[in-house]
Every structure is written in C-alpha cells, then in structure tokens.
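Text of structure_2.tsv (TSV, C-alpha atoms) as supplied:
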```tsv
chain	number	residue	atom	x	y	z
B	1	MET	CA	25.19	-8.39	-89.39
B	2	SER	CA	28.38	-6.96	-90.82
B	3	ILE	CA	30.65	-8.88	-93.16
B	4	LYS	CA	33.46	-8.49	-90.63
B	5	TYR	CA	31.41	-10.29	-87.96
B	6	PHE	CA	30.49	-13.02	-90.44
B	7	LEU	CA	34.13	-13.61	-91.40
B	8	TYR	CA	35.24	-13.78	-87.76
B	9	LEU	CA	32.61	-16.43	-87.13
B	10	PHE	CA	32.70	-18.38	-90.40
B	11	ILE	CA	36.45	-18.76	-90.99
B	12	PRO	CA	37.32	-20.40	-87.64
B	13	LEU	CA	34.28	-22.70	-87.89
B	14	SER	CA	35.19	-23.77	-91.40
B	15	PHE	CA	38.66	-24.83	-90.28
B	16	PHE	CA	37.17	-26.76	-87.42
B	17	ALA	CA	34.71	-28.51	-89.73
B	18	CYS	CA	37.46	-29.50	-92.17
B	19	LYS	CA	39.60	-31.36	-89.67
B	20	THR	CA	40.05	-35.02	-90.39
B	21	GLN	CA	41.38	-37.79	-88.25
B	22	LYS	CA	44.10	-39.98	-89.66
B	23	ASN	CA	43.72	-43.65	-89.01
B	24	ASN	CA	47.02	-45.27	-89.74
B	25	ILE	CA	45.87	-48.84	-89.70
B	26	PRO	CA	48.43	-51.12	-91.31
B	27	ILE	CA	47.08	-53.73	-93.68
B	28	SER	CA	49.13	-56.84	-93.93
B	29	GLN	CA	49.39	-58.89	-97.08
B	30	THR	CA	47.37	-61.63	-95.41
B	31	ASP	CA	44.39	-59.34	-94.76
B	32	THR	CA	41.49	-59.68	-97.13
B	33	ILE	CA	39.00	-56.95	-97.85
B	34	HIS	CA	35.46	-58.28	-98.10
B	35	PHE	CA	32.73	-56.34	-99.84
B	36	GLU	CA	29.09	-56.97	-99.24
B	37	LYS	CA	26.98	-57.08	-102.38
B	38	SER	CA	24.76	-54.05	-102.51
B	39	ASP	CA	21.40	-53.90	-104.26
B	40	PHE	CA	22.93	-52.04	-107.20
B	41	THR	CA	26.60	-51.57	-108.04
B	42	ILE	CA	28.02	-49.00	-110.44
B	43	ALA	CA	31.60	-49.29	-111.70
B	44	PHE	CA	33.32	-46.68	-113.83
B	45	GLY	CA	36.61	-45.89	-115.46
B	46	SER	CA	38.38	-44.63	-118.54
B	47	GLY	CA	41.66	-44.78	-120.39
B	48	ASN	CA	41.62	-48.22	-121.97
B	49	ASN	CA	44.28	-49.10	-124.53
B	50	GLN	CA	42.90	-51.83	-126.78
B	51	ARG	CA	46.42	-52.79	-127.89
B	52	LYS	CA	47.42	-53.84	-124.36
B	53	THR	CA	46.38	-56.66	-122.07
B	54	ASN	CA	44.06	-55.22	-119.45
B	55	PRO	CA	43.68	-57.68	-116.54
B	56	PHE	CA	41.61	-55.22	-114.53
B	57	TRP	CA	38.37	-56.33	-116.22
B	58	ASN	CA	38.27	-59.51	-114.12
B	59	ALA	CA	39.06	-57.55	-110.95
B	60	ILE	CA	36.16	-55.21	-111.68
B	61	LEU	CA	33.87	-58.11	-112.54
B	62	GLU	CA	34.59	-59.69	-109.13
B	63	HIS	CA	32.50	-56.88	-107.63
B	64	THR	CA	29.60	-57.88	-109.91
B	65	PRO	CA	28.72	-54.40	-111.14
B	66	ASP	CA	25.27	-53.93	-112.58
B	67	VAL	CA	26.49	-51.09	-114.77
B	68	TRP	CA	29.86	-50.03	-116.18
B	69	ILE	CA	30.15	-46.35	-117.07
B	70	TRP	CA	32.84	-45.40	-119.53
B	71	GLY	CA	34.27	-41.97	-118.73
B	72	GLY	CA	35.86	-41.66	-122.15
B	73	ASP	CA	38.90	-43.11	-123.85
B	74	ASN	CA	37.16	-46.45	-124.35
B	75	ILE	CA	39.90	-47.07	-126.91
B	76	TYR	CA	42.85	-45.05	-128.17
B	77	CYS	CA	42.69	-44.53	-131.90
B	78	ASP	CA	43.92	-41.19	-133.24
B	79	THR	CA	42.93	-41.51	-136.87
B	80	GLU	CA	40.70	-40.02	-139.51
B	81	ASN	CA	40.36	-43.43	-141.17
B	82	MET	CA	37.05	-44.97	-140.12
B	83	ASP	CA	38.17	-48.47	-141.11
B	84	THR	CA	41.09	-48.15	-138.69
B	85	LEU	CA	38.72	-46.87	-136.00
B	86	ALA	CA	36.35	-49.80	-136.56
B	87	LYS	CA	39.26	-52.25	-136.32
B	88	SER	CA	40.31	-50.72	-133.00
B	89	TYR	CA	36.82	-51.29	-131.57
B	90	GLU	CA	36.78	-54.79	-133.04
B	91	ASN	CA	40.14	-55.48	-131.40
B	92	GLN	CA	38.76	-54.44	-128.02
B	93	ASN	CA	35.44	-56.22	-128.39
B	94	ASN	CA	37.13	-59.51	-129.39
B	95	LYS	CA	39.40	-59.75	-126.35
B	96	PRO	CA	38.09	-62.71	-124.30
B	97	ILE	CA	38.46	-60.89	-120.99
B	98	TYR	CA	36.44	-57.90	-122.27
B	99	LYS	CA	33.87	-60.13	-124.00
B	100	ASN	CA	33.23	-61.81	-120.66
B	101	PHE	CA	32.93	-58.42	-118.97
B	102	ILE	CA	30.37	-56.98	-121.39
B	103	LYS	CA	28.42	-60.24	-121.38
B	104	ASN	CA	27.85	-59.83	-117.63
B	105	THR	CA	27.53	-56.05	-117.26
B	106	ASP	CA	25.45	-53.29	-118.85
B	107	ILE	CA	27.70	-50.71	-120.53
B	108	ASN	CA	27.03	-46.96	-120.66
B	109	GLY	CA	29.21	-43.93	-120.96
B	110	VAL	CA	30.50	-40.96	-122.83
B	111	TRP	CA	32.75	-40.66	-125.82
B	112	ASP	CA	35.61	-38.24	-126.02
B	113	ASP	CA	38.40	-37.42	-128.44
B	114	HIS	CA	40.14	-40.81	-128.63
B	115	ASP	CA	36.88	-42.70	-129.01
B	116	TYR	CA	35.80	-41.29	-132.35
B	117	GLY	CA	38.98	-40.48	-134.20
B	118	VAL	CA	41.60	-37.79	-134.13
B	119	ASN	CA	42.74	-36.63	-130.70
B	120	ASP	CA	41.20	-33.27	-129.74
```

Show me this structure written as structure tokens.
Amino acid sequence: MSIKYFLYLFIPLSFFACKTQKNNIPISQTDTIHFEKSDFTIAFGSGNNQRKTNPFWNAILEHTPDVWIWGGDNIYCDTENMDTLAKSYENQNNKPIYKNFIKNTDINGVWDDHDYGVND
C-alpha cells in the first residue's frame, strides 16, 4: 500500500471520527446536579495560596473523595529561609477548613518549585 493511498483513506476518516455533537442544554439556577457516590473517588488540584481564604475545600469535600492528589503549588512560599517555609505550611495546616479536609481525606501528590522554597 502506498503512502498516498493511506493518506487519502486516513485523513478523511480522521475528520469524520473527530466530529462532536454540541448539546446546548441550558441549565437554570434552580437545577441541581446530583452525583452518585462511586466506589472510589479521586480529587486533584493545585495552586493553593495559604495566605488566602480557600472555600473550595468544603465544595471538594462534598464529593467525599477518598484521595486528594496535589499537583504542585500546595503553598506559595518563594524563600530560601526554611523557618519561613515551615510557617507557610503551618499556616495552611492550621486553617480550620483545611484541617477538616485532611482529617477526612488521604493526601498524596507532587511537590514543585513553590512547595519547597525559591520559585524555579
């Protein structure tokens, strides 16, 4: 089979396979989305500023995740001072909303530049 024949067959089929159907279903403010509890739920995220109020922890906890996976930026602390870094983690870990979250969910994840000191 020549490459020319392959391209004539493959390219049109790939466009056909990539078509999607738009479903423009309006959602009113009175609609409620209900989630069924699965056997195992994984939640994940990143980019948490420990100096700000983060109300999303309760919203995530409503879905009763079994595991939370940090994707990095668990805190923001661009410093070479390890006492300052420790205080940033302490600040995060002492927030009542986060304390409740970690009490009810296993925590895993990765660390990146903001999590262990100086950015980059």

Contact residues around Ile42 in chain B with all atoms listed in the file at 10 Å, ignoring same-chain residues under 4 positions, as a VMD selection string: chain B and resid 38 63 to 69 105 to 106

Among the residues B:Asn81, B:Gln92, B:Ala86, B:Tyr98, the one that comes closest to Trp57 in chain B [using only C-alpha atoms]: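 Closest to Trp57 in chain B, using only C-alpha atoms: B:Tyr98.
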
Atom pair CA of Ser88 in chain B / CA of Val110 in chain B: separation (Å):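 So the two atoms, CA of Ser88 in chain B and CA of Val110 in chain B, lie 17.2 Å apart.
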
Atom-to-atom span, CA of Ile75 in chain B and CA of Phe44 in chain B, Å: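 Calculated distance between CA of Ile75 in chain B and CA of Phe44 in chain B is 14.6 Å.
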
Closest of B:Glu90, B:Asp73, B:Asp78, B:Asp83 to Gly47 in chain B - atom-to-atom distances counting all atoms listed in the file: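 Comparing B:Glu90, B:Asp73, B:Asp78, B:Asp83 against Gly47 in chain B, the winner is B:Asp73.
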
Gap from CA of Val118 in chain B to CA of Glu80 in chain B - Å, one decimal: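 The value is 5.9 Å.
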
Counting all atoms listed in the file, the residue of B:Ile107, B:Thr41, B:Tyr89, B:Phe101 that sits nearest Tyr76 in chain B: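 Closest candidate: B:Tyr89.
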
Nearby residues, (41.0, -63.2, -120.4) file frame, 10 Å, only C-alpha atoms, as a list in words: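 Output of the proximity query reads Thr53, Asn54, Pro55, Phe56, Trp57, Asn58, Lys95, Pro96, Ile97, Tyr98, Lys99, Asn100 and Phe101 of chain B.
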
Could the residues in this selection be saved with C-alpha atoms as a compact mmCIF listing (two decimals), keeping the file's coordinate frame?
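Output below, filename out_26.txt:
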```
# COMPACT_ATOMS: atom_id res chain seq x y z
CA THR B 53 46.38 -56.66 -122.07
CA ASN B 54 44.06 -55.22 -119.45
CA PRO B 55 43.68 -57.68 -116.54
CA PHE B 56 41.61 -55.22 -114.53
CA TRP B 57 38.37 -56.33 -116.22
CA ASN B 58 38.27 -59.51 -114.12
CA LYS B 95 39.40 -59.75 -126.35
CA PRO B 96 38.09 -62.71 -124.30
CA ILE B 97 38.46 -60.89 -120.99
CA TYR B 98 36.44 -57.90 -122.27
CA LYS B 99 33.87 -60.13 -124.00
CA ASN B 100 33.23 -61.81 -120.66
CA PHE B 101 32.93 -58.42 -118.97
```

Protein, DNA and RNA residues within 6 Å of (33.7, -41.1, -117.8), only C-alpha atoms, as a ChimeraX atom specification: /B:46,70-72,110

I need the chosen residues saved as a short mmCIF file (atom, residue, chain, number, x, y, z; two decimals), keeping the file's coordinate frame, with C-alpha atoms.
```cif
data_model
loop_
_atom_site.label_atom_id
_atom_site.label_comp_id
_atom_site.auth_asym_id
_atom_site.auth_seq_id
_atom_site.Cartn_x
_atom_site.Cartn_y
_atom_site.Cartn_z
CA SER B 46 38.38 -44.63 -118.54
CA TRP B 70 32.84 -45.40 -119.53
CA GLY B 71 34.27 -41.97 -118.73
CA GLY B 72 35.86 -41.66 -122.15
CA VAL B 110 30.50 -40.96 -122.83
#
```

Shortest interatomic distance to Ala59 in chain B - which of B:Lys87, B:Ala43, B:Asn119, B:Asn93, counting only C-alpha atoms: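 Nearest candidate to Ala59 in chain B out of B:Lys87, B:Ala43, B:Asn119, B:Asn93: B:Ala43.
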
Distance criterion (all atoms listed in the file): nearest to Gly109 in chain B out of B:Thr84, B:Leu61, B:Asp39, B:Gly45: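 Among B:Thr84, B:Leu61, B:Asp39, B:Gly45, it is B:Gly45 that comes nearest to Gly109 in chain B.
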